[in-house]
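Novice: Hey, dropping structure39.txt in here, compact mmCIF, C-alpha atoms:
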# COMPACT_ATOMS: atom_id res chain seq x y z
CA MET A 1 47.47 -51.57 12.22
CA ALA A 2 50.97 -50.16 11.80
CA MET A 3 51.51 -46.79 13.45
CA VAL A 4 54.49 -44.43 13.22
CA GLU A 5 54.75 -41.15 15.11
CA LEU A 6 57.06 -38.24 14.52
CA SER A 7 57.32 -34.91 16.29
CA ILE A 8 59.02 -31.85 14.82
CA PRO A 9 59.79 -28.33 16.04
CA PRO A 10 57.51 -25.77 14.29
CA ARG A 11 60.24 -24.66 11.84
CA SER A 12 60.32 -24.72 8.08
CA ALA A 13 63.56 -26.74 7.95
CA TYR A 14 61.76 -29.82 9.33
CA VAL A 15 58.96 -29.97 6.76
CA GLY A 16 61.28 -31.73 4.31
CA VAL A 17 62.13 -34.31 6.96
CA VAL A 18 58.44 -35.18 7.31
CA ARG A 19 58.14 -35.47 3.53
CA LEU A 20 61.06 -37.89 3.43
CA ALA A 21 59.63 -40.01 6.25
CA VAL A 22 56.15 -40.09 4.70
CA SER A 23 57.38 -40.95 1.20
CA SER A 24 59.48 -43.76 2.66
CA LEU A 25 56.51 -45.10 4.67
CA ALA A 26 54.20 -44.78 1.66
CA ARG A 27 56.57 -46.78 -0.57
CA LYS A 28 56.98 -49.39 2.15
CA ALA A 29 53.16 -49.63 2.27
CA GLY A 30 53.17 -50.37 -1.47
CA LEU A 31 51.34 -47.23 -2.59
CA ASP A 32 51.68 -46.29 -6.28
CA GLU A 33 54.38 -43.77 -7.09
CA GLU A 34 51.75 -41.22 -8.16
CA VAL A 35 49.98 -41.59 -4.82
CA VAL A 36 53.33 -41.21 -3.02
CA ASP A 37 53.91 -37.92 -4.87
CA ASP A 38 50.40 -36.68 -4.04
CA LEU A 39 50.82 -37.62 -0.39
CA LYS A 40 54.17 -35.83 -0.18
CA ILE A 41 52.52 -32.61 -1.35
CA ALA A 42 49.50 -33.00 0.94
CA VAL A 43 51.69 -33.64 3.99
CA SER A 44 53.96 -30.75 3.06
CA GLU A 45 50.93 -28.44 2.80
CA ALA A 46 49.53 -29.56 6.16
CA CYS A 47 52.91 -29.14 7.89
CA THR A 48 53.58 -25.78 6.18
CA ASN A 49 50.21 -24.41 7.32
CA ALA A 50 50.92 -25.61 10.88
CA VAL A 51 54.49 -24.22 10.90
CA GLU A 52 53.46 -20.84 9.46
CA ASP A 53 50.82 -20.24 12.13
CA THR A 54 52.64 -21.62 15.19
CA PRO A 55 54.22 -18.63 16.93
CA GLY A 56 56.07 -20.42 19.73
CA ASP A 57 57.91 -23.71 20.17
CA ASP A 58 54.98 -26.11 20.52
CA PRO A 59 55.93 -29.19 18.50
CA ILE A 60 53.90 -30.51 15.59
CA SER A 61 53.14 -34.21 15.73
CA ILE A 62 52.66 -36.40 12.70
CA ARG A 63 51.00 -39.77 13.05
CA TRP A 64 51.01 -42.35 10.25
CA MET A 65 48.38 -45.09 10.58
CA GLU A 66 48.27 -47.94 8.12
CA GLU A 67 45.27 -50.25 7.79
CA ASP A 68 44.33 -52.87 5.19
CA ASP A 69 42.04 -50.56 3.25
CA ARG A 70 43.52 -47.12 3.94
CA VAL A 71 46.34 -44.96 5.21
CA THR A 72 45.53 -42.10 7.58
CA ILE A 73 47.95 -39.31 8.44
CA GLU A 74 47.20 -36.87 11.23
CA ILE A 75 49.14 -33.64 11.66
CA ALA A 76 48.42 -32.08 15.05
CA ASP A 77 49.54 -28.63 16.15
CA ARG A 78 48.88 -25.96 18.80
CA ARG A 79 48.48 -22.96 16.51
CA PRO A 80 46.09 -20.33 17.86
CA SER A 81 44.06 -19.97 14.64
CA SER A 82 43.77 -21.57 11.24
CA ASN A 83 44.26 -18.17 9.64
CA ALA A 84 40.89 -17.53 8.00
CA GLU A 85 41.80 -14.93 5.42
CA ASP A 86 40.39 -13.67 2.14
CA PRO A 87 40.85 -16.29 -0.56
CA LEU A 88 42.17 -13.69 -2.99
CA ASP A 89 44.72 -10.94 -2.52
CA THR A 90 44.07 -7.30 -3.47
CA GLN A 91 45.09 -8.00 -7.07
CA GLY A 92 42.76 -10.97 -7.42
CA PHE A 93 45.38 -13.72 -7.14
CA SER A 94 44.80 -16.74 -4.92
CA THR A 95 46.69 -16.53 -1.64
CA ARG A 96 49.15 -19.27 -0.66
CA LEU A 97 46.64 -20.67 1.85
CA THR A 98 43.86 -20.82 -0.78
CA MET A 99 46.18 -22.79 -3.07
CA SER A 100 47.23 -24.99 -0.18
CA LEU A 101 43.64 -25.89 0.68
CA ALA A 102 42.85 -26.60 -3.00
CA LEU A 103 45.80 -29.01 -3.12
CA LEU A 104 44.82 -30.70 0.15
CA GLU A 105 41.26 -31.19 -1.08
CA SER A 106 42.22 -32.69 -4.39
CA LEU A 107 45.33 -34.78 -3.63
CA VAL A 108 43.95 -37.14 -0.98
CA ASP A 109 40.70 -39.11 -0.71
CA SER A 110 39.67 -37.28 2.44
CA PHE A 111 40.89 -34.06 4.06
CA GLU A 112 39.58 -32.69 7.36
CA LEU A 113 40.73 -29.82 9.54
CA THR A 114 39.33 -29.92 13.05
CA ALA A 115 39.94 -27.88 16.22
CA ARG A 116 41.65 -29.83 19.00
CA GLU A 117 40.61 -29.83 22.61
CA GLY A 118 43.02 -27.61 24.49
CA GLY A 119 43.85 -25.55 21.40
CA GLY A 120 45.35 -26.09 18.00
CA TYR A 121 44.22 -28.02 14.97
CA CYS A 122 44.37 -31.52 13.59
CA THR A 123 44.69 -32.07 9.85
CA ARG A 124 43.53 -35.53 8.86
CA LEU A 125 44.44 -36.98 5.50
CA VAL A 126 43.13 -40.32 4.26
CA VAL A 127 44.25 -42.31 1.22
CA ASN A 128 42.27 -45.39 0.26
CA ARG A 129 44.30 -48.41 -0.84
CA MET B 1 67.96 -29.85 1.29
CA GLU B 2 69.46 -27.55 -1.29
CA LEU B 3 67.86 -25.39 -3.94
CA GLY B 4 70.04 -24.71 -6.96
CA LEU B 5 69.51 -21.41 -8.77
CA ASP B 6 71.42 -20.50 -11.92
CA VAL B 7 70.66 -17.31 -13.80
CA ARG B 8 71.60 -16.78 -17.44
CA THR B 9 70.69 -14.15 -19.98
CA VAL B 10 69.21 -15.26 -23.28
CA GLY B 11 68.52 -12.30 -25.55
CA SER B 12 66.33 -9.90 -23.59
CA HIS B 13 65.26 -12.58 -21.09
CA SER B 14 66.66 -13.71 -17.78
CA VAL B 15 66.38 -17.46 -17.41
CA VAL B 16 66.43 -18.96 -13.92
CA ASP B 17 67.24 -22.68 -13.89
CA VAL B 18 65.89 -24.09 -10.64
CA LYS B 19 67.07 -27.45 -9.25
CA GLY B 20 65.84 -29.34 -6.22
CA GLU B 21 62.86 -28.97 -3.92
CA ILE B 22 60.88 -25.73 -3.56
CA ASP B 23 59.12 -25.74 -0.20
CA VAL B 24 58.59 -23.47 2.82
CA TYR B 25 62.28 -23.81 3.74
CA THR B 26 63.87 -23.19 0.34
CA ALA B 27 61.28 -20.86 -1.26
CA PRO B 28 62.71 -17.68 0.37
CA LYS B 29 65.93 -18.24 -1.60
CA LEU B 30 63.96 -18.29 -4.88
CA ARG B 31 61.92 -15.27 -3.80
CA GLU B 32 65.09 -13.27 -3.06
CA LYS B 33 66.64 -14.20 -6.41
CA LEU B 34 63.52 -13.14 -8.34
CA ILE B 35 63.25 -9.86 -6.41
CA GLU B 36 66.93 -9.20 -7.12
CA LEU B 37 66.44 -9.79 -10.85
CA VAL B 38 63.50 -7.39 -11.08
CA SER B 39 65.32 -4.75 -9.03
CA GLN B 40 68.23 -5.03 -11.49
CA GLY B 41 65.87 -4.30 -14.35
CA SER B 42 65.09 -7.83 -15.63
CA TYR B 43 61.40 -7.67 -16.41
CA ASP B 44 61.15 -10.62 -18.81
CA VAL B 45 61.86 -13.68 -16.76
CA VAL B 46 61.70 -17.39 -17.56
CA VAL B 47 61.71 -19.80 -14.61
CA ASN B 48 62.84 -23.24 -15.75
CA LEU B 49 61.29 -25.87 -13.48
CA GLU B 50 62.61 -28.92 -15.35
CA GLY B 51 65.11 -29.70 -12.58
CA VAL B 52 62.55 -29.32 -9.78
CA ASP B 53 61.62 -32.50 -7.88
CA PHE B 54 59.08 -30.96 -5.57
CA LEU B 55 56.85 -27.88 -5.55
CA ASP B 56 54.05 -26.89 -3.18
CA SER B 57 51.92 -23.82 -2.39
CA THR B 58 54.91 -21.93 -0.98
CA GLY B 59 56.72 -22.14 -4.32
CA LEU B 60 53.53 -21.21 -6.16
CA GLY B 61 53.16 -18.17 -3.89
CA VAL B 62 56.69 -17.05 -4.77
CA LEU B 63 56.01 -17.41 -8.51
CA VAL B 64 52.75 -15.42 -8.21
CA GLY B 65 54.62 -12.71 -6.26
CA ALA B 66 57.27 -12.52 -8.98
CA LEU B 67 54.59 -12.34 -11.67
CA LYS B 68 53.05 -9.32 -9.92
CA ARG B 69 56.48 -7.63 -9.78
CA VAL B 70 57.27 -8.06 -13.47
CA LYS B 71 53.72 -7.08 -14.49
CA ALA B 72 54.18 -3.79 -12.61
CA HIS B 73 56.95 -3.10 -15.16
CA ASP B 74 54.94 -4.43 -18.14
CA GLY B 75 57.17 -7.48 -18.10
CA SER B 76 56.48 -11.19 -18.34
CA LEU B 77 57.10 -14.30 -16.34
CA SER B 78 56.88 -17.63 -18.08
CA LEU B 79 57.57 -21.12 -16.86
CA VAL B 80 59.19 -24.15 -18.43
CA CYS B 81 57.74 -27.43 -17.21
CA THR B 82 56.99 -30.80 -18.80
CA GLN B 83 56.84 -32.95 -15.65
CA ASP B 84 53.33 -34.29 -15.05
CA LYS B 85 53.65 -34.23 -11.26
CA ILE B 86 54.56 -30.52 -11.29
CA LEU B 87 52.04 -29.55 -14.00
CA LYS B 88 49.35 -31.18 -11.88
CA ILE B 89 49.98 -28.62 -9.09
CA PHE B 90 49.45 -25.73 -11.52
CA LYS B 91 46.25 -27.33 -12.86
CA ILE B 92 44.72 -27.95 -9.42
CA THR B 93 45.36 -24.38 -8.28
CA GLY B 94 44.13 -22.82 -11.53
CA LEU B 95 47.54 -21.29 -12.26
CA THR B 96 47.72 -22.74 -15.76
CA LYS B 97 45.47 -19.78 -16.62
CA VAL B 98 47.83 -17.32 -14.93
CA PHE B 99 51.25 -18.45 -16.19
CA PRO B 100 52.31 -19.24 -19.73
CA ILE B 101 53.82 -22.75 -19.35
CA HIS B 102 56.17 -23.94 -22.07
CA GLY B 103 57.89 -27.17 -23.05
CA SER B 104 61.35 -25.66 -23.39
CA VAL B 105 63.31 -22.49 -22.64
CA GLU B 106 63.55 -21.73 -26.39
CA GLU B 107 59.77 -21.95 -26.71
CA ALA B 108 59.28 -19.75 -23.62
CA ILE B 109 61.54 -17.05 -25.01
CA GLY B 110 59.89 -17.18 -28.43
CA GLY B 111 56.43 -17.14 -26.89
CA THR B 112 56.81 -14.04 -24.75
CA ASP B 113 58.17 -11.74 -27.42
Would you mind writing the file out in structure tokens?

Specialist:
Amino acid sequence: MAMVELSIPPRSAYVGVVRLAVSSLARKAGLDEEVVDDLKIAVSEACTNAVEDTPGDDPISIRWMEEDDRVTIEIADRRPSSNAEDPLDTQGFSTRLTMSLALLESLVDSFELTAREGGGYCTRLVVNR
Amino acid sequence: MELGLDVRTVGSHSVVDVKGEIDVYTAPKLREKLIELVSQGSYDVVVNLEGVDFLDSTGLGVLVGALKRVKAHDGSLSLVCTQDKILKIFKITGLTKVFPIHGSVEEAIGGTD
């Protein structure tokens, strides 16, 4: 299993860096260009949600794990909550987070958000090969 | 990572040609530009996404926010997009029902009159 780890400060400027790294790893792994595009969006969503809700300087770690039959990406943070809000705003439009979760659920084969021991959340994305 | 924003006036419409990646880092720049346009009295806006390589929920949130602003003035916000990878984002989030999406700027301007 090939594993690559990356840690970023919880700032919006670094989300693009993660996208670049993941798209490069995904191409190296031989994933189809459409899957690379989907993965870029899913990773961007997961990192954006982590960055938006991390108030301090706790870094966000991204772990890429490549196996014969699948690729798993874990995005781990120390945000205090996963911001459970109303899915619609006062005018009936979907909020950014609602759209983000819809994208995460449809762009990868498996999406899980779990609470971490010691605080924070882990977003787990799986793409079957 | 740069986001290019060029604004031109075509008839009664303001057309914003966007180039680059719209994400959590660059989206504020687009939001500010759209707010500025509406505050200057441009209520019929076309956002041309043909030069956009990447769009996620942050960019969608900005477009929805701009739509609400122009609607408050009985205006319109239409999009120009033919790229499958970008259209897919609008389909997944149900926004194809919210935004008129056109194949060209000319079509967008004709369609919102």

Novice: Got a sec: who's within 12 Å of Glu67 in chain A, counting only C-alpha atoms, leaving out chain neighbours fewer than 2 positions off, as a PyMOL selection string?

Specialist: chain A and resi 1-3+29+64-65+69-73+126-129

Novice: Limited to C-alpha atoms, could you put the picked residues into a file as a short mmCIF file (atom, residue, chain, number, x, y, z; two decimals), keeping the file's coordinate frame?

Specialist:
data_model
loop_
_atom_site.label_atom_id
_atom_site.label_comp_id
_atom_site.auth_asym_id
_atom_site.auth_seq_id
_atom_site.Cartn_x
_atom_site.Cartn_y
_atom_site.Cartn_z
CA MET A 1 47.47 -51.57 12.22
CA ALA A 2 50.97 -50.16 11.80
CA MET A 3 51.51 -46.79 13.45
CA ALA A 29 53.16 -49.63 2.27
CA TRP A 64 51.01 -42.35 10.25
CA MET A 65 48.38 -45.09 10.58
CA ASP A 69 42.04 -50.56 3.25
CA ARG A 70 43.52 -47.12 3.94
CA VAL A 71 46.34 -44.96 5.21
CA THR A 72 45.53 -42.10 7.58
CA ILE A 73 47.95 -39.31 8.44
CA VAL A 126 43.13 -40.32 4.26
CA VAL A 127 44.25 -42.31 1.22
CA ASN A 128 42.27 -45.39 0.26
CA ARG A 129 44.30 -48.41 -0.84
#

Novice: Rounded to one decimal in Å, what is the spacing between CA of Leu77 in chain B and CA of Glu2 in chain B?

Specialist: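 Separating CA of Leu77 in chain B from CA of Glu2 in chain B is a distance of 23.6 Å.
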
Novice: Pick out the chain A residues within 8 Å of chain B. Count only C-alpha atoms. Give them as a PyMOL selection string.

Specialist: chain A and resi 12-13+15-16+34+37+41+44-45+48+93+95-97+99-100+102-103+106

Novice: So how far away is CA of Val18 in chain B from CA of Asn48 in chain B, in Å?

Specialist: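 Between these atoms lies a distance of 6.0 Å.
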
Novice: Quick check, in Å to one decimal: how far apart do CA of Ala66 in chain B and CA of Glu106 in chain B lie?

Specialist: 20.7 Å

Novice: Give the answer as one residue: which of B:Leu87, B:Val16, B:Val70, B:Leu34 has the shortest atom-to-atom distance to Val47 in chain B, using only C-alpha atoms?

Specialist: B:Val16

Novice: With all atoms listed in the file as the counted atoms, please give the residues lying no more than 12 Å from Gly110 in chain B, apart from itself and same-chain residues fewer than 4 positions off, as a list in words.

Specialist: Val10, Gly11, Ser12, His13, Asp44, Val46, Ser78, Pro100, His102, Gly103, Ser104, Val105 and Glu106 of chain B

Novice: Residues proximal to (56.2, -28.8, 16.8) were defined as those with any atom within 6 Å of that point in the file's coordinates, counting only C-alpha atoms. Which are they, as an mmCIF file with C-alpha atoms, keeping the file's coordinate frame?

Specialist:
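Result written to part-v2.cif:
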data_model
loop_
_atom_site.group_PDB
_atom_site.id
_atom_site.type_symbol
_atom_site.label_atom_id
_atom_site.label_comp_id
_atom_site.auth_asym_id
_atom_site.auth_seq_id
_atom_site.Cartn_x
_atom_site.Cartn_y
_atom_site.Cartn_z
ATOM 1 C CA ILE A 8 59.020 -31.850 14.820
ATOM 2 C CA PRO A 9 59.790 -28.330 16.040
ATOM 3 C CA PRO A 10 57.510 -25.770 14.290
ATOM 4 C CA ASP A 58 54.980 -26.110 20.520
ATOM 5 C CA PRO A 59 55.930 -29.190 18.500
ATOM 6 C CA ILE A 60 53.900 -30.510 15.590
#

Novice: Start from the incomplete input, build N, CA and C atoms for range 50-77 of chain A, and deliver everything as a tab-separated table (two decimals), in the frame of the given file.

Specialist:
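This is the output file selection-v2.tsv:
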chain	number	residue	atom	x	y	z
A	50	ALA	N	50.73	-25.54	9.42
A	50	ALA	CA	50.92	-25.61	10.88
A	50	ALA	C	52.15	-24.79	11.30
A	51	VAL	N	53.25	-24.94	10.56
A	51	VAL	CA	54.49	-24.22	10.90
A	51	VAL	C	54.29	-22.71	10.78
A	52	GLU	N	53.63	-22.28	9.71
A	52	GLU	CA	53.46	-20.84	9.46
A	52	GLU	C	52.66	-20.14	10.55
A	53	ASP	N	51.71	-20.88	11.16
A	53	ASP	CA	50.82	-20.24	12.13
A	53	ASP	C	51.16	-20.59	13.58
A	54	THR	N	52.25	-21.31	13.81
A	54	THR	CA	52.64	-21.62	15.19
A	54	THR	C	53.68	-20.59	15.63
A	55	PRO	N	53.29	-19.70	16.56
A	55	PRO	CA	54.22	-18.63	16.93
A	55	PRO	C	55.35	-19.07	17.87
A	56	GLY	N	55.08	-20.04	18.73
A	56	GLY	CA	56.07	-20.42	19.73
A	56	GLY	C	56.85	-21.67	19.37
A	57	ASP	N	57.10	-22.51	20.37
A	57	ASP	CA	57.91	-23.71	20.17
A	57	ASP	C	57.10	-25.01	20.26
A	58	ASP	N	55.78	-24.89	20.38
A	58	ASP	CA	54.98	-26.11	20.52
A	58	ASP	C	55.22	-27.04	19.34
A	59	PRO	N	55.63	-28.28	19.60
A	59	PRO	CA	55.93	-29.19	18.50
A	59	PRO	C	54.70	-29.58	17.68
A	60	ILE	N	54.96	-30.02	16.48
A	60	ILE	CA	53.90	-30.51	15.59
A	60	ILE	C	54.07	-32.02	15.53
A	61	SER	N	52.99	-32.75	15.77
A	61	SER	CA	53.14	-34.21	15.73
A	61	SER	C	52.47	-34.78	14.49
A	62	ILE	N	53.13	-35.76	13.92
A	62	ILE	CA	52.66	-36.40	12.70
A	62	ILE	C	52.47	-37.88	13.01
A	63	ARG	N	51.29	-38.37	12.74
A	63	ARG	CA	51.00	-39.77	13.05
A	63	ARG	C	50.57	-40.48	11.77
A	64	TRP	N	51.30	-41.54	11.44
A	64	TRP	CA	51.01	-42.35	10.25
A	64	TRP	C	50.32	-43.62	10.71
A	65	MET	N	49.13	-43.90	10.19
A	65	MET	CA	48.38	-45.09	10.58
A	65	MET	C	47.99	-45.88	9.34
A	66	GLU	N	48.45	-47.12	9.31
A	66	GLU	CA	48.27	-47.94	8.12
A	66	GLU	C	47.30	-49.08	8.41
A	67	GLU	N	46.22	-49.15	7.64
A	67	GLU	CA	45.27	-50.25	7.79
A	67	GLU	C	45.16	-50.96	6.44
A	68	ASP	N	44.43	-52.08	6.43
A	68	ASP	CA	44.33	-52.87	5.19
A	68	ASP	C	43.77	-52.06	4.03
A	69	ASP	N	42.74	-51.25	4.33
A	69	ASP	CA	42.04	-50.56	3.25
A	69	ASP	C	42.41	-49.08	3.11
A	70	ARG	N	43.20	-48.56	4.03
A	70	ARG	CA	43.52	-47.12	3.94
A	70	ARG	C	44.76	-46.74	4.75
A	71	VAL	N	45.27	-45.57	4.42
A	71	VAL	CA	46.34	-44.96	5.21
A	71	VAL	C	45.81	-43.61	5.70
A	72	THR	N	45.97	-43.37	7.01
A	72	THR	CA	45.53	-42.10	7.58
A	72	THR	C	46.75	-41.38	8.15
A	73	ILE	N	46.86	-40.10	7.87
A	73	ILE	CA	47.95	-39.31	8.44
A	73	ILE	C	47.33	-38.14	9.18
A	74	GLU	N	47.70	-37.99	10.44
A	74	GLU	CA	47.20	-36.87	11.23
A	74	GLU	C	48.35	-35.93	11.58
A	75	ILE	N	48.14	-34.65	11.33
A	75	ILE	CA	49.14	-33.64	11.66
A	75	ILE	C	48.50	-32.75	12.72
A	76	ALA	N	49.03	-32.81	13.95
A	76	ALA	CA	48.42	-32.08	15.05
A	76	ALA	C	49.33	-30.96	15.53
A	77	ASP	N	48.74	-29.78	15.73
A	77	ASP	CA	49.54	-28.63	16.15
A	77	ASP	C	48.84	-27.88	17.27
